[in-house]
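What's in work-v5.pdb: PDB, C-alpha atoms
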ATOM      1  CA  MET A   1     -23.393 195.189-250.491
ATOM      2  CA  SER A   2     -22.086 197.133-253.495
ATOM      3  CA  LYS A   3     -23.798 200.408-254.309
ATOM      4  CA  ILE A   4     -25.334 200.907-257.744
ATOM      5  CA  LEU A   5     -25.512 204.649-257.011
ATOM      6  CA  SER A   6     -22.034 205.869-256.066
ATOM      7  CA  GLN A   7     -23.154 208.691-253.780
ATOM      8  CA  LYS A   8     -26.149 210.692-252.628
ATOM      9  CA  ILE A   9     -27.149 213.160-255.346
ATOM     10  CA  LYS A  10     -29.667 215.961-255.707
ATOM     11  CA  ILE A  11     -31.799 215.926-258.838
ATOM     12  CA  ALA A  12     -34.199 218.478-260.334
ATOM     13  CA  LEU A  13     -37.221 218.012-262.571
ATOM     14  CA  VAL A  14     -38.093 221.067-264.670
ATOM     15  CA  GLN A  15     -41.832 221.131-265.395
ATOM     16  CA  LEU A  16     -41.883 223.927-267.930
ATOM     17  CA  ALA A  17     -44.578 225.428-270.092
ATOM     18  CA  ALA A  18     -43.063 224.996-273.535
ATOM     19  CA  GLY A  19     -44.336 223.441-276.715
ATOM     20  CA  THR A  20     -45.211 226.766-278.304
ATOM     21  CA  PRO A  21     -44.922 227.191-282.090
ATOM     22  CA  ASP A  22     -41.682 229.169-281.521
ATOM     23  CA  LYS A  23     -38.817 226.682-281.153
ATOM     24  CA  ALA A  24     -36.263 229.363-280.253
ATOM     25  CA  TYR A  25     -38.551 230.554-277.445
ATOM     26  CA  ASN A  26     -38.991 227.001-276.174
ATOM     27  CA  LEU A  27     -35.254 226.403-276.096
ATOM     28  CA  GLN A  28     -34.618 229.697-274.337
ATOM     29  CA  LYS A  29     -37.321 228.882-271.762
ATOM     30  CA  ALA A  30     -35.703 225.517-271.092
ATOM     31  CA  LYS A  31     -32.274 227.136-270.765
ATOM     32  CA  THR A  32     -33.579 229.758-268.333
ATOM     33  CA  LEU A  33     -35.318 227.240-266.073
ATOM     34  CA  VAL A  34     -32.461 224.725-266.038
ATOM     35  CA  GLU A  35     -30.130 227.558-265.034
ATOM     36  CA  LYS A  36     -32.618 228.593-262.349
ATOM     37  CA  ALA A  37     -32.816 225.027-261.047
ATOM     38  CA  VAL A  38     -29.062 224.915-260.490
ATOM     39  CA  HIS A  39     -28.833 228.502-259.257
ATOM     40  CA  ASP A  40     -31.502 227.905-256.606
ATOM     41  CA  GLU A  41     -29.994 224.558-255.526
ATOM     42  CA  PRO A  42     -26.277 224.676-256.442
ATOM     43  CA  SER A  43     -25.670 221.076-255.332
ATOM     44  CA  THR A  44     -27.943 219.757-258.113
ATOM     45  CA  LYS A  45     -26.138 217.128-260.189
ATOM     46  CA  LEU A  46     -28.826 215.850-262.558
ATOM     47  CA  VAL A  47     -31.625 217.773-264.296
ATOM     48  CA  VAL A  48     -34.524 216.408-266.332
ATOM     49  CA  LEU A  49     -36.617 218.211-268.959
ATOM     50  CA  PRO A  50     -40.082 217.087-270.158
ATOM     51  CA  GLU A  51     -41.183 215.287-273.291
ATOM     52  CA  CYS A  52     -41.414 217.421-276.465
ATOM     53  CA  PHE A  53     -40.164 220.512-274.654
ATOM     54  CA  ASN A  54     -39.014 222.264-277.848
ATOM     55  CA  SER A  55     -42.072 221.739-280.052
ATOM     56  CA  PRO A  56     -45.853 221.398-279.956
ATOM     57  CA  TYR A  57     -47.006 217.902-279.007
ATOM     58  CA  ALA A  58     -49.074 217.170-282.080
ATOM     59  CA  VAL A  59     -48.879 214.477-284.753
ATOM     60  CA  ASP A  60     -48.790 217.013-287.589
ATOM     61  CA  LYS A  61     -45.967 219.010-285.941
ATOM     62  CA  PHE A  62     -43.370 216.303-285.318
ATOM     63  CA  ARG A  63     -41.851 216.306-288.812
ATOM     64  CA  PRO A  64     -41.817 220.104-289.335
ATOM     65  CA  TYR A  65     -40.036 220.555-285.993
ATOM     66  CA  SER A  66     -37.673 217.596-286.366
ATOM     67  CA  GLU A  67     -33.886 217.947-286.296
ATOM     68  CA  VAL A  68     -30.971 215.764-287.294
ATOM     69  CA  ILE A  69     -29.114 215.097-284.052
ATOM     70  CA  ASN A  70     -25.551 216.340-284.378
ATOM     71  CA  PRO A  71     -23.409 219.040-282.704
ATOM     72  CA  ASP A  72     -24.662 221.659-285.142
ATOM     73  CA  SER A  73     -28.373 221.120-284.525
ATOM     74  CA  GLU A  74     -30.229 223.775-282.575
ATOM     75  CA  SER A  75     -31.445 221.649-279.669
ATOM     76  CA  TYR A  76     -28.257 219.589-279.387
ATOM     77  CA  LYS A  77     -26.166 222.738-279.172
ATOM     78  CA  THR A  78     -28.409 224.334-276.531
ATOM     79  CA  LEU A  79     -28.458 221.267-274.277
ATOM     80  CA  SER A  80     -24.782 220.423-274.703
ATOM     81  CA  GLN A  81     -23.651 223.955-273.847
ATOM     82  CA  LEU A  82     -26.015 224.048-270.867
ATOM     83  CA  ALA A  83     -24.741 220.761-269.420
ATOM     84  CA  GLN A  84     -21.130 221.869-269.859
ATOM     85  CA  LYS A  85     -21.695 225.334-268.384
ATOM     86  CA  LEU A  86     -23.539 224.059-265.301
ATOM     87  CA  LYS A  87     -21.516 220.834-264.916
ATOM     88  CA  ILE A  88     -24.627 218.665-264.703
ATOM     89  CA  LEU A  89     -26.024 215.501-266.187
ATOM     90  CA  LEU A  90     -28.824 216.743-268.415
ATOM     91  CA  ILE A  91     -31.626 214.437-269.514
ATOM     92  CA  GLY A  92     -32.960 216.473-272.403
ATOM     93  CA  GLY A  93     -36.653 215.596-272.294
ATOM     94  CA  SER A  94     -37.427 214.723-275.872
ATOM     95  CA  ILE A  95     -37.451 216.339-279.291
ATOM     96  CA  PRO A  96     -38.599 215.180-282.736
ATOM     97  CA  GLU A  97     -35.485 213.654-284.330
ATOM     98  CA  LEU A  98     -35.035 213.256-288.074
ATOM     99  CA  ASP A  99     -32.869 210.346-289.200
ATOM    100  CA  PRO A 100     -31.297 211.535-292.477
ATOM    101  CA  LYS A 101     -30.531 207.989-293.613
ATOM    102  CA  THR A 102     -34.080 206.675-293.401
ATOM    103  CA  ASP A 103     -36.103 209.921-293.337
ATOM    104  CA  HIS A 104     -37.858 208.521-290.263
ATOM    105  CA  VAL A 105     -38.871 210.796-287.395
ATOM    106  CA  TYR A 106     -38.419 209.654-283.795
ATOM    107  CA  ASN A 107     -39.408 210.993-280.383
ATOM    108  CA  THR A 108     -35.917 211.152-278.910
ATOM    109  CA  CYS A 109     -34.281 211.972-275.588
ATOM    110  CA  MET A 110     -30.669 213.170-275.640
ATOM    111  CA  ILE A 111     -28.562 212.623-272.512
ATOM    112  CA  PHE A 112     -25.521 214.842-271.921
ATOM    113  CA  ASP A 113     -22.722 214.555-269.377
ATOM    114  CA  GLU A 114     -21.018 217.309-267.372
ATOM    115  CA  ASN A 115     -18.662 218.046-270.267
ATOM    116  CA  GLY A 116     -21.498 218.548-272.714
ATOM    117  CA  GLU A 117     -20.812 215.220-274.442
ATOM    118  CA  LEU A 118     -23.735 213.178-275.746
ATOM    119  CA  LEU A 119     -23.752 210.028-273.604
ATOM    120  CA  ASP A 120     -26.633 208.351-275.423
ATOM    121  CA  ARG A 121     -30.033 208.913-276.951
ATOM    122  CA  HIS A 122     -33.294 207.081-276.333
ATOM    123  CA  ARG A 123     -35.827 206.805-279.126
ATOM    124  CA  LYS A 124     -39.309 206.211-277.735
ATOM    125  CA  ALA A 125     -39.849 202.491-278.131
ATOM    126  CA  HIS A 126     -43.613 202.283-277.594
ATOM    127  CA  LEU A 127     -45.625 204.772-279.604
ATOM    128  CA  PHE A 128     -48.674 206.441-278.085
ATOM    129  CA  ASP A 129     -51.472 205.009-280.207
ATOM    130  CA  ILE A 130     -54.674 205.066-278.168
ATOM    131  CA  ASP A 131     -58.380 205.532-278.656
ATOM    132  CA  ILE A 132     -60.330 205.873-275.401
ATOM    133  CA  PRO A 133     -64.118 206.102-275.935
ATOM    134  CA  ASN A 134     -65.377 209.498-274.745
ATOM    135  CA  GLY A 135     -61.794 210.289-273.810
ATOM    136  CA  ILE A 136     -58.907 210.906-276.184
ATOM    137  CA  ARG A 137     -57.624 209.596-279.505
ATOM    138  CA  PHE A 138     -53.967 210.047-280.412
ATOM    139  CA  LYS A 139     -51.802 208.124-282.865
ATOM    140  CA  GLU A 140     -48.080 208.930-282.819
ATOM    141  CA  SER A 141     -47.392 206.265-285.439
ATOM    142  CA  ASP A 142     -49.076 208.474-288.044
ATOM    143  CA  THR A 143     -45.779 210.349-288.263
ATOM    144  CA  LEU A 144     -43.303 208.801-285.797
ATOM    145  CA  SER A 145     -41.256 205.622-285.984
ATOM    146  CA  ALA A 146     -40.522 203.495-282.918
ATOM    147  CA  GLY A 147     -37.074 203.127-281.417
ATOM    148  CA  GLU A 148     -35.385 199.750-281.497
ATOM    149  CA  LYS A 149     -33.505 199.462-278.200
ATOM    150  CA  ASN A 150     -33.625 199.870-274.468
ATOM    151  CA  THR A 151     -31.350 202.656-273.248
ATOM    152  CA  LEU A 152     -29.075 202.153-270.257
ATOM    153  CA  VAL A 153     -26.815 205.123-269.556
ATOM    154  CA  THR A 154     -23.527 204.936-267.659
ATOM    155  CA  SER A 155     -22.756 208.187-265.837
ATOM    156  CA  THR A 156     -20.487 209.679-263.187
ATOM    157  CA  TYR A 157     -22.816 208.478-260.439
ATOM    158  CA  GLY A 158     -23.880 205.111-261.780
ATOM    159  CA  THR A 159     -26.186 203.649-264.391
ATOM    160  CA  PHE A 160     -29.770 204.686-265.109
ATOM    161  CA  GLY A 161     -32.437 203.716-267.613
ATOM    162  CA  VAL A 162     -34.376 206.116-269.818
ATOM    163  CA  GLY A 163     -37.849 205.741-271.277
ATOM    164  CA  ILE A 164     -40.283 208.235-272.751
ATOM    165  CA  CYS A 165     -43.879 208.557-271.574
ATOM    166  CA  TYR A 166     -45.798 205.550-272.989
ATOM    167  CA  ASP A 167     -42.670 203.408-272.449
ATOM    168  CA  MET A 168     -43.551 203.535-268.751
ATOM    169  CA  ARG A 169     -46.563 201.271-269.332
ATOM    170  CA  PHE A 170     -44.252 198.449-270.395
ATOM    171  CA  PRO A 171     -42.435 197.081-267.344
ATOM    172  CA  GLU A 172     -39.886 195.134-269.369
ATOM    173  CA  LEU A 173     -37.729 198.202-270.064
ATOM    174  CA  ALA A 174     -37.447 198.996-266.359
ATOM    175  CA  MET A 175     -36.832 195.319-265.515
ATOM    176  CA  GLN A 176     -33.997 195.109-268.023
ATOM    177  CA  SER A 177     -32.442 198.325-266.758
ATOM    178  CA  ALA A 178     -32.707 197.465-263.061
ATOM    179  CA  ARG A 179     -31.302 193.962-263.532
ATOM    180  CA  ASN A 180     -28.365 195.482-265.380
ATOM    181  CA  GLY A 181     -27.475 197.821-262.525
ATOM    182  CA  ALA A 182     -29.672 200.915-262.944
ATOM    183  CA  PHE A 183     -30.306 203.007-259.825
ATOM    184  CA  ALA A 184     -33.211 204.844-261.479
ATOM    185  CA  MET A 185     -35.632 204.908-264.372
ATOM    186  CA  ILE A 186     -36.069 208.371-265.853
ATOM    187  CA  TYR A 187     -39.169 209.081-267.924
ATOM    188  CA  PRO A 188     -39.772 212.426-269.627
ATOM    189  CA  GLY A 189     -43.493 212.135-270.311
ATOM    190  CA  ALA A 190     -46.655 213.987-271.252
ATOM    191  CA  PHE A 191     -49.617 212.043-269.961
ATOM    192  CA  ASN A 192     -52.840 213.971-270.541
ATOM    193  CA  THR A 193     -55.741 214.978-268.325
ATOM    194  CA  VAL A 194     -57.522 211.676-269.085
ATOM    195  CA  THR A 195     -54.704 209.145-268.626
ATOM    196  CA  GLY A 196     -52.800 211.160-266.018
ATOM    197  CA  PRO A 197     -55.312 210.951-263.159
ATOM    198  CA  LEU A 198     -55.825 207.259-263.907
ATOM    199  CA  HIS A 199     -52.277 205.950-264.082
ATOM    200  CA  TRP A 200     -49.412 208.490-263.858
ATOM    201  CA  LYS A 201     -48.645 208.073-260.153
ATOM    202  CA  LEU A 202     -49.671 204.425-260.127
ATOM    203  CA  LEU A 203     -47.198 203.557-262.893
ATOM    204  CA  ALA A 204     -44.409 205.588-261.289
ATOM    205  CA  ARG A 205     -44.855 203.747-258.006
ATOM    206  CA  SER A 206     -45.219 200.375-259.736
ATOM    207  CA  ARG A 207     -41.987 200.699-261.730
ATOM    208  CA  ALA A 208     -40.176 201.782-258.544
ATOM    209  CA  ILE A 209     -41.536 198.969-256.360
ATOM    210  CA  ASP A 210     -41.180 196.252-259.006
ATOM    211  CA  ASN A 211     -37.486 196.992-259.408
ATOM    212  CA  GLN A 212     -36.546 198.681-256.116
ATOM    213  CA  VAL A 213     -35.155 201.723-257.929
ATOM    214  CA  TYR A 214     -35.934 205.431-258.037
ATOM    215  CA  THR A 215     -38.420 206.554-260.671
ATOM    216  CA  LEU A 216     -38.335 210.104-262.081
ATOM    217  CA  LEU A 217     -41.218 211.434-264.197
ATOM    218  CA  CYS A 218     -40.939 214.865-265.820
ATOM    219  CA  SER A 219     -44.028 216.348-267.493
ATOM    220  CA  PRO A 220     -44.661 219.609-269.316
ATOM    221  CA  ALA A 221     -46.744 222.117-267.381
ATOM    222  CA  ARG A 222     -50.432 222.131-268.245
ATOM    223  CA  ASP A 223     -51.460 224.663-270.888
ATOM    224  CA  LEU A 224     -55.202 224.756-271.472
ATOM    225  CA  GLU A 225     -54.720 227.000-274.514
ATOM    226  CA  SER A 226     -52.780 224.328-276.401
ATOM    227  CA  SER A 227     -54.340 221.486-278.361
ATOM    228  CA  TYR A 228     -52.843 218.889-275.982
ATOM    229  CA  HIS A 229     -53.371 219.259-272.236
ATOM    230  CA  ALA A 230     -50.488 217.707-270.305
ATOM    231  CA  TYR A 231     -51.260 216.355-266.854
ATOM    232  CA  GLY A 232     -48.269 217.893-265.067
ATOM    233  CA  HIS A 233     -47.505 216.358-261.660
ATOM    234  CA  SER A 234     -43.826 215.631-262.321
ATOM    235  CA  MET A 235     -42.639 213.399-259.501
ATOM    236  CA  VAL A 236     -39.860 211.439-257.856
ATOM    237  CA  VAL A 237     -40.628 208.057-256.298
ATOM    238  CA  ASP A 238     -38.219 206.127-254.070
ATOM    239  CA  PRO A 239     -37.535 202.353-254.183
ATOM    240  CA  LYS A 240     -40.253 201.727-251.568
ATOM    241  CA  GLY A 241     -42.856 203.500-253.687
ATOM    242  CA  ASN A 242     -42.948 206.659-251.575
ATOM    243  CA  VAL A 243     -43.500 209.905-253.499
ATOM    244  CA  LEU A 244     -40.592 212.127-252.445
ATOM    245  CA  ALA A 245     -41.623 215.162-254.479
ATOM    246  CA  GLU A 246     -44.554 216.039-256.721
ATOM    247  CA  ALA A 247     -45.344 219.149-258.746
ATOM    248  CA  ALA A 248     -48.819 220.567-259.302
ATOM    249  CA  GLU A 249     -50.096 221.413-262.802
ATOM    250  CA  GLY A 250     -48.253 224.664-263.524
ATOM    251  CA  GLU A 251     -44.678 225.608-264.257
ATOM    252  CA  GLU A 252     -42.507 224.393-261.396
ATOM    253  CA  ILE A 253     -39.110 222.954-260.468
ATOM    254  CA  ILE A 254     -39.015 220.135-257.935
ATOM    255  CA  TYR A 255     -36.014 218.561-256.219
ATOM    256  CA  ALA A 256     -35.195 215.317-254.458
ATOM    257  CA  ASP A 257     -32.165 213.559-253.035
ATOM    258  CA  LEU A 258     -31.391 210.087-254.354
ATOM    259  CA  ASP A 259     -29.644 208.034-251.660
ATOM    260  CA  PRO A 260     -27.819 204.750-252.381
ATOM    261  CA  GLU A 261     -28.598 203.572-248.854
ATOM    262  CA  ALA A 262     -32.333 203.699-249.592
ATOM    263  CA  ILE A 263     -31.831 201.184-252.393
ATOM    264  CA  ALA A 264     -29.464 198.947-250.461
ATOM    265  CA  GLN A 265     -31.531 198.840-247.264
ATOM    266  CA  PHE A 266     -34.824 198.098-249.013
ATOM    267  CA  ARG A 267     -33.266 195.376-251.161
ATOM    268  CA  ALA A 268     -31.705 193.810-248.079
ATOM    269  CA  GLY A 269     -35.016 193.840-246.206
ATOM    270  CA  ILE A 270     -37.170 192.566-249.084
ATOM    271  CA  PRO A 271     -34.648 190.732-251.296
ATOM    272  CA  ILE A 272     -36.736 190.171-254.414
ATOM    273  CA  THR A 273     -33.633 190.695-256.554
ATOM    274  CA  LYS A 274     -32.359 187.339-255.237
ATOM    275  CA  GLN A 275     -35.686 185.518-255.101
ATOM    276  CA  ARG A 276     -36.888 185.550-258.683
ATOM    277  CA  ARG A 277     -37.792 182.162-260.183
ATOM    278  CA  PHE A 278     -36.338 182.109-263.658
ATOM    279  CA  ASP A 279     -36.973 178.360-263.696
ATOM    280  CA  ILE A 280     -40.695 179.258-263.859
ATOM    281  CA  TYR A 281     -40.680 182.411-265.999
ATOM    282  CA  PRO A 282     -38.124 183.987-268.363
ATOM    283  CA  ASP A 283     -35.585 186.633-267.396
ATOM    284  CA  VAL A 284     -36.345 189.549-269.719
ATOM    285  CA  SER A 285     -32.925 191.079-269.012
ATOM    286  CA  LYS A 286     -31.161 188.257-270.898
TER     287      LYS A 286
END
So that I can check it, write out the structure of this file as structure tokens.
Amino acid sequence: MSKILSQKIKIALVQLAAGTPDKAYNLQKAKTLVEKAVHDEPSTKLVVLPECFNSPYAVDKFRPYSEVINPDSESYKTLSQLAQKLKILLIGGSIPELDPKTDHVYNTCMIFDENGELLDRHRKAHLFDIDIPNGIRFKESDTLSAGEKNTLVTSTYGTFGVGICYDMRFPELAMQSARNGAFAMIYPGAFNTVTGPLHWKLLARSRAIDNQVYTLLCSPARDLESSYHAYGHSMVVDPKGNVLAEAAEGEEIIYADLDPEAIAQFRAGIPITKQRRFDIYPDVSK
């Protein structure tokens, strides 16, 4: 059986307390903790940052903090140089991106390779527009535009899919990615203290089990002094739905090993990848 993950790799999720009004501070904090992640575990090959790590997570802040994504932009430069210096794949959480052609603002994840080259970007496809009675109301579409594609990234170690936070609630993105050879779905996300306890772990395990892939969720640390309280609990789930590593609420770096044999053995034992009935229901990957 061919391996969709070329070798066993160590990954790190950086659950950092960022999102302050000071973008330079946020970027420096991210740089410091990514460097710490690799320093403490030198075999780390892939590092993930959380959603909106360089800015406050607030509807009225997305446009003021937005950047045009190019090699001269502040966040691009920081992440690119970091990936190149540490020789890692860096999944750059997300930042508010300004598209100069349309003047639209997107919630965007940049993905850099070991040479600091931008492999791809994922614009959050499903915007977080919710209104839970006696819970929380948030409407990203007040200022953000939705992305228009699924993002499947080809890297040194294989292919992985990327979504951002609310994208995780829509299984089609993970289905498309897995059926096109992804070994993992990676979701920078910022569930809150209402939705997090309800569904964060459940969705991580569901996307992993549905597709027999690894699922990586990276949250900001919880800051009760900010206007938005992130849930925390960054985690790594294996293809069987086992939680391999889980953070608490505070600032923390967690690690896990992703093993191609875990994917191959589970798919051989429960071969749902070969048993789907596309004569009954459509194949969303086509």
Picked residues, the PyMOL selection byres ((chain A and resi 58-72) around 7), as a PDB file with C-alpha atoms, in the frame of the given file:
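Written output follows (out-v9.pdb):
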ATOM      1  CA  SER A  55     -42.072 221.739-280.052  1.00  0.00           C
ATOM      2  CA  PRO A  56     -45.853 221.398-279.956  1.00  0.00           C
ATOM      3  CA  TYR A  57     -47.006 217.902-279.007  1.00  0.00           C
ATOM      4  CA  SER A  73     -28.373 221.120-284.525  1.00  0.00           C
ATOM      5  CA  GLU A  74     -30.229 223.775-282.575  1.00  0.00           C
ATOM      6  CA  TYR A  76     -28.257 219.589-279.387  1.00  0.00           C
ATOM      7  CA  LYS A  77     -26.166 222.738-279.172  1.00  0.00           C
ATOM      8  CA  PRO A  96     -38.599 215.180-282.736  1.00  0.00           C
ATOM      9  CA  GLU A  97     -35.485 213.654-284.330  1.00  0.00           C
ATOM     10  CA  LEU A  98     -35.035 213.256-288.074  1.00  0.00           C
ATOM     11  CA  ASP A  99     -32.869 210.346-289.200  1.00  0.00           C
ATOM     12  CA  PRO A 100     -31.297 211.535-292.477  1.00  0.00           C
ATOM     13  CA  VAL A 105     -38.871 210.796-287.395  1.00  0.00           C
ATOM     14  CA  GLU A 140     -48.080 208.930-282.819  1.00  0.00           C
ATOM     15  CA  ASP A 142     -49.076 208.474-288.044  1.00  0.00           C
ATOM     16  CA  THR A 143     -45.779 210.349-288.263  1.00  0.00           C
TER      17      THR A 143
END
For the file shown, what are the residues hit by the PyMOL selection byres ((chain A and resi 50) around 8), laid out as a PyMOL selection string?
chain A and resi 14-16+48-49+51-53+92-94+188-190+218-220
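Across A:Leu198, A:Ala256, A:Glu249, A:Asn54, the tightest approach to A:Thr20 is made by A:Asn54 when counting all atoms listed in the file.
Among the candidate residues A:Ile4, A:Ala24, A:Met168, A:Ala146, the one lying nearest to A:Ile186 is A:Met168, with distances computed using all atoms listed in the file.
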Extract, using all atoms listed in the file, all DNA, RNA and protein residues at most 12 Å from A:Arg121, discarding same-chain residues fewer than 4 positions from it, and format them as a ChimeraX atom specification.
/A:69-70,76,90-95,97,106-113,117,125,147-153,161-164
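Closest approach to A:Asp259 from the set A:Leu244, A:Ile132, A:Val47, A:Met235 is made by A:Leu244, with distances taken over only C-alpha atoms.
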Skipping near chain neighbours, those fewer than 3 positions away, what residues fall within 9 Å of A:Glu261 using all atoms listed in the file, listed as number ranges by chain?
A: 3, 5, 7-8, 258, 264-266
Could you tell me how far atom CA of A:Gly269 sits from atom CA of A:Pro239, in Å to one decimal place?
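Distance reported for this atom pair: 11.9 Å.
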Rounded to one decimal place, report the atom CA of A:Ala174-atom CA of A:Ala204 distance in Å.
10.8 Å
Would you mind exporting stretch 121-129 of chain A with all heavy atoms, as a CSV table (one decimal), in the first residue's frame?
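Okay, this is what ended up in decode-v5.csv:
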chain,number,residue,atom,x,y,z
A,121,ARG,N,-1.9,29.7,0.0
A,121,ARG,CA,-2.7,30.4,1.1
A,121,ARG,C,-4.1,29.8,1.1
A,121,ARG,O,-4.6,29.4,0.0
A,121,ARG,CB,-2.7,31.9,0.8
A,121,ARG,CG,-3.6,32.4,-0.3
A,121,ARG,CD,-3.5,33.8,-0.5
A,121,ARG,NE,-2.4,34.2,-1.4
A,121,ARG,CZ,-2.1,35.5,-1.8
A,121,ARG,NH1,-2.9,36.4,-1.4
A,121,ARG,NH2,-1.1,35.7,-2.5
A,122,HIS,N,-4.7,29.8,2.3
A,122,HIS,CA,-6.1,29.4,2.4
A,122,HIS,C,-6.9,30.6,2.9
A,122,HIS,O,-6.6,31.1,4.0
A,122,HIS,CB,-6.3,28.2,3.3
A,122,HIS,CG,-7.7,27.8,3.5
A,122,HIS,ND1,-8.5,27.3,2.5
A,122,HIS,CD2,-8.6,28.0,4.5
A,122,HIS,CE1,-9.7,27.1,2.9
A,122,HIS,NE2,-9.8,27.5,4.2
A,123,ARG,N,-7.9,31.0,2.2
A,123,ARG,CA,-8.8,32.0,2.6
A,123,ARG,C,-10.0,31.3,3.2
A,123,ARG,O,-10.6,30.5,2.6
A,123,ARG,CB,-9.2,32.9,1.5
A,123,ARG,CG,-8.1,33.8,1.0
A,123,ARG,CD,-8.5,34.5,-0.3
A,123,ARG,NE,-7.6,35.6,-0.6
A,123,ARG,CZ,-7.7,36.3,-1.8
A,123,ARG,NH1,-8.6,36.0,-2.7
A,123,ARG,NH2,-6.8,37.3,-2.0
A,124,LYS,N,-10.3,31.6,4.5
A,124,LYS,CA,-11.4,31.0,5.2
A,124,LYS,C,-12.7,31.0,4.3
A,124,LYS,O,-13.2,32.0,3.9
A,124,LYS,CB,-11.7,31.7,6.5
A,124,LYS,CG,-12.7,31.0,7.4
A,124,LYS,CD,-12.7,31.8,8.8
A,124,LYS,CE,-13.5,31.1,9.8
A,124,LYS,NZ,-13.4,31.9,11.1
A,125,ALA,N,-13.2,29.7,4.0
A,125,ALA,CA,-14.3,29.6,3.1
A,125,ALA,C,-15.6,29.8,3.7
A,125,ALA,O,-16.6,30.3,3.1
A,125,ALA,CB,-14.2,28.2,2.5
A,126,HIS,N,-15.8,29.4,5.0
A,126,HIS,CA,-17.1,29.5,5.7
A,126,HIS,C,-16.9,30.5,6.8
A,126,HIS,O,-16.2,30.3,7.7
A,126,HIS,CB,-17.5,28.1,6.3
A,126,HIS,CG,-17.5,27.1,5.2
A,126,HIS,ND1,-16.4,26.3,4.9
A,126,HIS,CD2,-18.6,26.6,4.5
A,126,HIS,CE1,-16.8,25.4,4.0
A,126,HIS,NE2,-18.1,25.6,3.7
A,127,LEU,N,-17.6,31.6,6.7
A,127,LEU,CA,-17.5,32.7,7.6
A,127,LEU,C,-18.3,32.4,8.9
A,127,LEU,O,-19.4,31.9,8.8
A,127,LEU,CB,-17.9,34.0,7.0
A,127,LEU,CG,-17.0,34.5,5.8
A,127,LEU,CD1,-17.5,35.8,5.3
A,127,LEU,CD2,-15.5,34.5,6.2
A,128,PHE,N,-17.8,32.9,10.0
A,128,PHE,CA,-18.3,32.6,11.3
A,128,PHE,C,-19.4,33.6,11.6
A,128,PHE,O,-19.2,34.7,12.2
A,128,PHE,CB,-17.2,32.7,12.4
A,128,PHE,CG,-17.6,32.3,13.8
A,128,PHE,CD1,-18.3,31.2,14.0
A,128,PHE,CD2,-17.3,33.2,14.8
A,128,PHE,CE1,-18.6,30.8,15.3
A,128,PHE,CE2,-17.6,32.8,16.1
A,128,PHE,CZ,-18.3,31.7,16.4
A,129,ASP,N,-20.6,33.3,11.1
A,129,ASP,CA,-21.8,34.1,11.4
A,129,ASP,C,-22.8,33.3,12.2
A,129,ASP,O,-23.5,32.4,11.7
A,129,ASP,CB,-22.5,34.5,10.0
A,129,ASP,CG,-21.7,35.5,9.2
A,129,ASP,OD1,-20.6,35.9,9.7
A,129,ASP,OD2,-22.2,35.8,8.1
